[in-house]
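Colleague: My structure is below; once you've seen it, I'll send some questions.
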Amino acid sequence: MIKKTIALAAIALTAIATTAEARDQIRIVGSSTVFPFATAVAEQFGKSSPFKTPVVESTGSGGGMKLFCAGIGLGHPDITNASRRIKNSEFKKCTAKGIRITEVKFGFDGIVLANSKKTAALKISKKQIFQALAQKVPMNGKLVDNPYKKWSDIDPSLPATKIEVLGPPPTSGTRDAFVELAMEGGAKKFPSLKALRKKNKKAFKAIAHAIREDGAFVEAGENDNLIVQKLEANPATTGIFGFSFLDQNGDKIQGALVDDTSPTFENIAGGKYGVSRSLFFYVKQQHVDVVPGIKEFVREFTAEKAWGEDGYLVDKGLIPLPAADRKMISSSANNLSQLNM
C-alpha cells in the first residue's frame, strides 16, 4: 500500500514537472470575502516582482476547497482562500490525494447585516436574527415553522417591513460563519434550545443552522457587490456580507447594530462585535517549486506593508492580527510549515 502511494505521488509530481511550462501564473480560488484582499496582493505582486500577476477567482470557500483538494498538478489551483478554517472533512480529502498544506491566517473580518442609507439602520440582537431567519423557532413551548413575516412581528421596536434578507449560498464561508456565530448565538438565547444543546449538540446544530426557505432569505450568490447594488435598489431589504464590503461602500449602506454594538473596525479588532471571524488562505506545497512565484507571493501577503496595521490591505477593510500573531504566522507561512489536524 505504501509503495503504491509513493508511486502515485511520483507519477503526480512527474506530471507536474513535464507540464511546468504550461502555466507560469499562480492560480488562486476560494472565498468571495477574501477575493478583494487576494486581488490587491496579486496586483501589487504583479507590479513589484518579476512574476506574472496571479489569477484570482471567487468561487466561495467551499467551492475553492473542492477545487483545491481535487488533486496535485497544473490542472488544479495552487492556493485557496477561505473565510473560515478548513473543515476536517476537507482536510481529509486533501490528504487522501497526497496534498500537503500550509495554512495562513492573515486577519479578521466581521459579518454584517446592512441596509441602504436611505432608511434607518437596524438595531437587532442575535436572538432576533435567529427569529427572523431560522426555519423553525420556539413558540409557546413548541418548535414551529417560522411564522414571522415582518421584522415588527418579532419585536414592535423593529421596522414594520417585510423580512427580506439577501445572503450567501451554502458554499460560502460567510454563510458557514454566519450560522455558527449569529444563528447559533441567537438559538442559545432560548432556554429550550440551550438545554437541547447540552443534551444533543447535533440536533441543536440542525435547528440552529437551518435557514428558512419561504422567501424571507434569498440566496444572492457569491458576488457581494451584487448584494450591495440590490440594497441600493431596494431600501427595504437587508444584506449579509463581510465588513470589507461595508467599509468600501459606506457612502451607500450602513451596518446594523448587533446586541448594541456597531460593526466598526475598532469593535471588530477589539473583539467587542460578536459576529466576527478569522480569514485564511491555504498553499499547496507540492506546487511551490513548480509554479513560479508562490513563495514570493506568500511573502508579499504576509509582509507588514500588506497585512500590517498601516498596510494596504487595511485600506481594503482588513482587520489586522495582533503584531505578535503576525510575527509568528509570517515565520510559519514563509517556512511553508505543514498543517496537521
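Every chain in the C-alpha cells has a letter given in the order shown (A, B, ...), and although residue numbers restart at 1 in each chain, ligands are simply numbered from 1 in the order shown.
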Compile a residue-level contact table for region 182-256 of chain A against region 102-116 of chain A at a cut-off of 6 Å, reporting for every qualifying residue the shortest atom pair and its distance in Å to one decimal, with only C-alpha atoms counted, rows ordered by chain and ascending number, as JSON lines.

Modeller:
```
{"residue": "A:Leu231", "atom": "CA", "partner": "A:Ser116", "partner_atom": "CA", "distance": 5.6}
{"residue": "A:Glu232", "atom": "CA", "partner": "A:Ser116", "partner_atom": "CA", "distance": 5.6}
{"residue": "A:Pro235", "atom": "CA", "partner": "A:Ser116", "partner_atom": "CA", "distance": 5.0}
{"residue": "A:Thr238", "atom": "CA", "partner": "A:Asn115", "partner_atom": "CA", "distance": 4.8}
{"residue": "A:Gly239", "atom": "CA", "partner": "A:Ala114", "partner_atom": "CA", "distance": 5.3}
{"residue": "A:Ile240", "atom": "CA", "partner": "A:Leu113", "partner_atom": "CA", "distance": 4.8}
{"residue": "A:Phe241", "atom": "CA", "partner": "A:Ile111", "partner_atom": "CA", "distance": 5.6}
{"residue": "A:Gly242", "atom": "CA", "partner": "A:Ile111", "partner_atom": "CA", "distance": 4.6}
{"residue": "A:Phe243", "atom": "CA", "partner": "A:Gly110", "partner_atom": "CA", "distance": 5.0}
{"residue": "A:Ile253", "atom": "CA", "partner": "A:Ser116", "partner_atom": "CA", "distance": 4.4}
{"residue": "A:Gln254", "atom": "CA", "partner": "A:Ala114", "partner_atom": "CA", "distance": 5.3}
{"residue": "A:Gly255", "atom": "CA", "partner": "A:Ala114", "partner_atom": "CA", "distance": 4.3}
{"residue": "A:Ala256", "atom": "CA", "partner": "A:Leu113", "partner_atom": "CA", "distance": 5.5}
```

Colleague: From the DSSP assignment of the backbone, select every residue of region 135-303 of chain A that is alpha helix (DSSP H), and format the answer as a VMD selection string.

Modeller: chain A and resid 151 to 154 173 to 178 184 to 187 191 to 199 201 to 209 224 to 233 243 to 248 265 to 269 294 to 301

Colleague: Report, in Å to a single decimal, how far apart CA of Lys127 (chain A) and CA of Gly317 (chain A) are.

Modeller: 27.2 Å

Colleague: In terms of the shortest atom-to-atom distance over only C-alpha atoms, which of A:Gln285, A:Gly141, A:Ala177, A:Asn146 is closest to Ile101 (chain A)?

Modeller: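 Among the listed residues, A:Gln285 lies closest to Ile101 (chain A).
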
Colleague: Please report, as a PyMOL selection string, each residue of region 104-217 of chain A to which DSSP assigns strand (DSSP E) when run on this structure's backbone.

Modeller: chain A and resi 104-116+123-124+136-139+142-145+165-167+217

Colleague: I'd like the neighbourhood of Leu226 (chain A) as a PyMOL selection string, where a residue qualifies if any of its atoms comes within 12 Å (using only C-alpha atoms), though same-chain residues fewer than 3 positions away should be ignored.

Modeller: chain A and resi 32+166-168+219-223+229-233+239-241+245+249

Colleague: For Lys150 (chain A), find every residue with an atom within 6 Å (counting only C-alpha atoms), except residues of its own chain fewer than 2 positions away, and show them as number ranges by chain.

Modeller: A: 148, 152-153, 160-163

Colleague: Counting only C-alpha atoms, what is within 7 Å of region 181-183 of chain A, bar same-chain residues fewer than 3 positions away, as a short mmCIF file (atom, residue, chain, number, x, y, z; two decimals) with C-alpha atoms, in the first residue's frame?

Modeller:
```
data_model
loop_
_atom_site.label_atom_id
_atom_site.label_comp_id
_atom_site.auth_asym_id
_atom_site.auth_seq_id
_atom_site.Cartn_x
_atom_site.Cartn_y
_atom_site.Cartn_z
CA LYS A 126 -28.63 37.66 17.80
CA ILE A 129 -31.61 37.37 13.90
CA PHE A 130 -32.40 33.73 14.67
CA ALA A 177 -19.58 31.68 9.86
CA PHE A 178 -22.94 33.48 9.97
CA GLY A 186 -29.32 33.53 18.84
CA ALA A 187 -30.62 29.98 19.28
CA ALA A 208 -29.70 26.49 14.61
CA HIS A 209 -28.19 26.16 11.12
CA VAL A 275 -20.20 38.31 14.67
#
```

Colleague: Could you check how far CA of Ile211 (chain A) sits from CA of Leu133 (chain A), in Å to one decimal?

Modeller: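 About the pair CA of Ile211 (chain A) and CA of Leu133 (chain A): they are 5.6 Å apart.
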
Colleague: Would you mind telling me which residue in A:Glu296, A:Asp214, A:Asp315, A:Asp325 lies nearest to Pro50 (chain A) when using only C-alpha atoms?

Modeller: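 Answer, going by the shortest atom-to-atom distance: A:Glu296.
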
Colleague: Go through A:Ser125, A:Ile26, A:Ala236, A:Leu158 and flag the residue nearest Tyr273 (chain A), using only C-alpha atoms for the distances.

Modeller: A:Ser125

Colleague: Might you pull out every residue within 7 Å of Lys123 (chain A), with only C-alpha atoms counted and same-chain residues fewer than 4 positions away left off, and present them as number ranges by chain?

Modeller: A: 256-258, 260
